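Visitor: Structure below; questions to follow.
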Amino acid sequence: MEFGTRSIRSAGKGSGSVEVTLPAVFRGLAGLPCRVALRDGLRPELVLQPELGPARAAFTRLWDMLAAAMALEPAAPPLADCALTLWPATEAPAAVPRLAWADGLALAACAPHPPAAVARSVAIADAGFID
């Protein structure tokens, strides 16, 4: 995913602090801890890897509630069978169900939860995971 060229600003010599202005689409990830890595080589890259553990835990809680409500055997959520994206997809449905980490993070936050995030996340049940 390409978001154009951004500048890096320093907070001052010796501080080690730098600032990168990201596109507004990243605003939903504000405050989320990220691992920062520099991939060196012919085309060096600065990589931000968000901590998505809270989203995974929220999807697991939601899956457990769905299974209990439908009297199904307890099982791990089928995350390996889903396409996991950072944001909800805007194009047509894929061959496999898509879960958005941004929705999981919204569900991991304090209630009330955004209805659209809940609806998209519950839609995995309609994708053939629950008979």
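Starting from 1 in every chain, residues are counted up; chains themselves are A, B, ... following the order of the structure tokens, and ligands are numbered from 1 as listed.
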Which residues come within 10 Å of Ala57 (chain A), counting only C-alpha atoms, excluding same-chain residues fewer than 6 positions away, as a list in words?
Guide: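 Here the answer would be Trp63, Gly104, Leu105, Leu107 and Ala108 of chain A.
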Visitor: DSSP on the backbone, helix (DSSP H, G or I) only: what residues of chain A does that give? Format it as a PyMOL selection string.
Guide: chain A and resi 24-29+53-69+79-81+101-108+115-127
Visitor: Considering only C-alpha atoms, state which residue in the set A:Ala69, A:Pro74, A:Phe59, A:Ser10 is at the smallest distance from Arg120 (chain A).
Guide: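 For Arg120 (chain A), the nearest of the candidates is A:Phe59.
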Visitor: Can you tell me which residues surround region 11-24 of chain A at a distance of at most 12 Å, considering only C-alpha atoms, apart from same-chain residues fewer than 4 positions away, and format the answer as a list of chain:residue names?
Guide: A:Glu2, A:Phe3, A:Gly4, A:Thr5, A:Arg6, A:Ser7, A:Gly28, A:Leu29, A:Ala30, A:Val36, A:Leu46, A:Val47, A:Leu48
Visitor: Which distance in Å separates CA of Gly31 (chain A) and CA of Thr85 (chain A), to one decimal?
Guide: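 Taking CA of Gly31 (chain A) as the start and CA of Thr85 (chain A) as the end point, the length is 19.0 Å.
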Visitor: According to DSSP computed on the backbone, where in region 74-129 of chain A is there strand (DSSP E or B)? Give the residues as a ChimeraX atom specification.
Guide: /A:83-85,98-100
Visitor: If I take CA of Leu62 (chain A) and CA of Leu32 (chain A), how far is one from the other in Å, to one decimal?
Guide: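 Spanning CA of Leu62 (chain A) to CA of Leu32 (chain A) is a straight-line distance of 20.8 Å.
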Visitor: Taking 4 positions as the minimum chain separation for residues in the same chain, which residues sit within 9 Å of Cys82 (chain A) when counting only C-alpha atoms? Answer as a PDB file with N, CA, C and O atoms, in the first residue's frame.
Guide:
```pdb
ATOM      1  N   PRO A  78     -11.753 -18.674  13.536  1.00  0.00           N
ATOM      2  CA  PRO A  78     -11.087 -19.123  12.310  1.00  0.00           C
ATOM      3  C   PRO A  78     -10.263 -18.027  11.642  1.00  0.00           C
ATOM      4  O   PRO A  78     -10.390 -17.778  10.448  1.00  0.00           O
ATOM      5  N   VAL A  96     -12.611 -15.263   0.399  1.00  0.00           N
ATOM      6  CA  VAL A  96     -12.616 -15.625   1.819  1.00  0.00           C
ATOM      7  C   VAL A  96     -13.113 -14.422   2.621  1.00  0.00           C
ATOM      8  O   VAL A  96     -12.971 -13.285   2.191  1.00  0.00           O
ATOM      9  N   PRO A  97     -13.703 -14.658   3.777  1.00  0.00           N
ATOM     10  CA  PRO A  97     -14.195 -13.542   4.587  1.00  0.00           C
ATOM     11  C   PRO A  97     -13.041 -12.637   5.017  1.00  0.00           C
ATOM     12  O   PRO A  97     -11.935 -13.103   5.240  1.00  0.00           O
ATOM     13  N   ARG A  98     -13.318 -11.355   5.121  1.00  0.00           N
ATOM     14  CA  ARG A  98     -12.302 -10.388   5.519  1.00  0.00           C
ATOM     15  C   ARG A  98     -12.633  -9.805   6.883  1.00  0.00           C
ATOM     16  O   ARG A  98     -13.742  -9.349   7.105  1.00  0.00           O
ATOM     17  N   LEU A  99     -11.663  -9.836   7.747  1.00  0.00           N
ATOM     18  CA  LEU A  99     -11.763  -9.154   9.034  1.00  0.00           C
ATOM     19  C   LEU A  99     -10.802  -7.983   9.010  1.00  0.00           C
ATOM     20  O   LEU A  99      -9.682  -8.107   8.519  1.00  0.00           O
ATOM     21  N   ILE A 124     -18.718 -12.751   9.609  1.00  0.00           N
ATOM     22  CA  ILE A 124     -17.950 -13.980   9.360  1.00  0.00           C
ATOM     23  C   ILE A 124     -18.819 -15.213   9.610  1.00  0.00           C
ATOM     24  O   ILE A 124     -18.627 -16.240   8.983  1.00  0.00           O
TER      25      ILE A 124
END
```
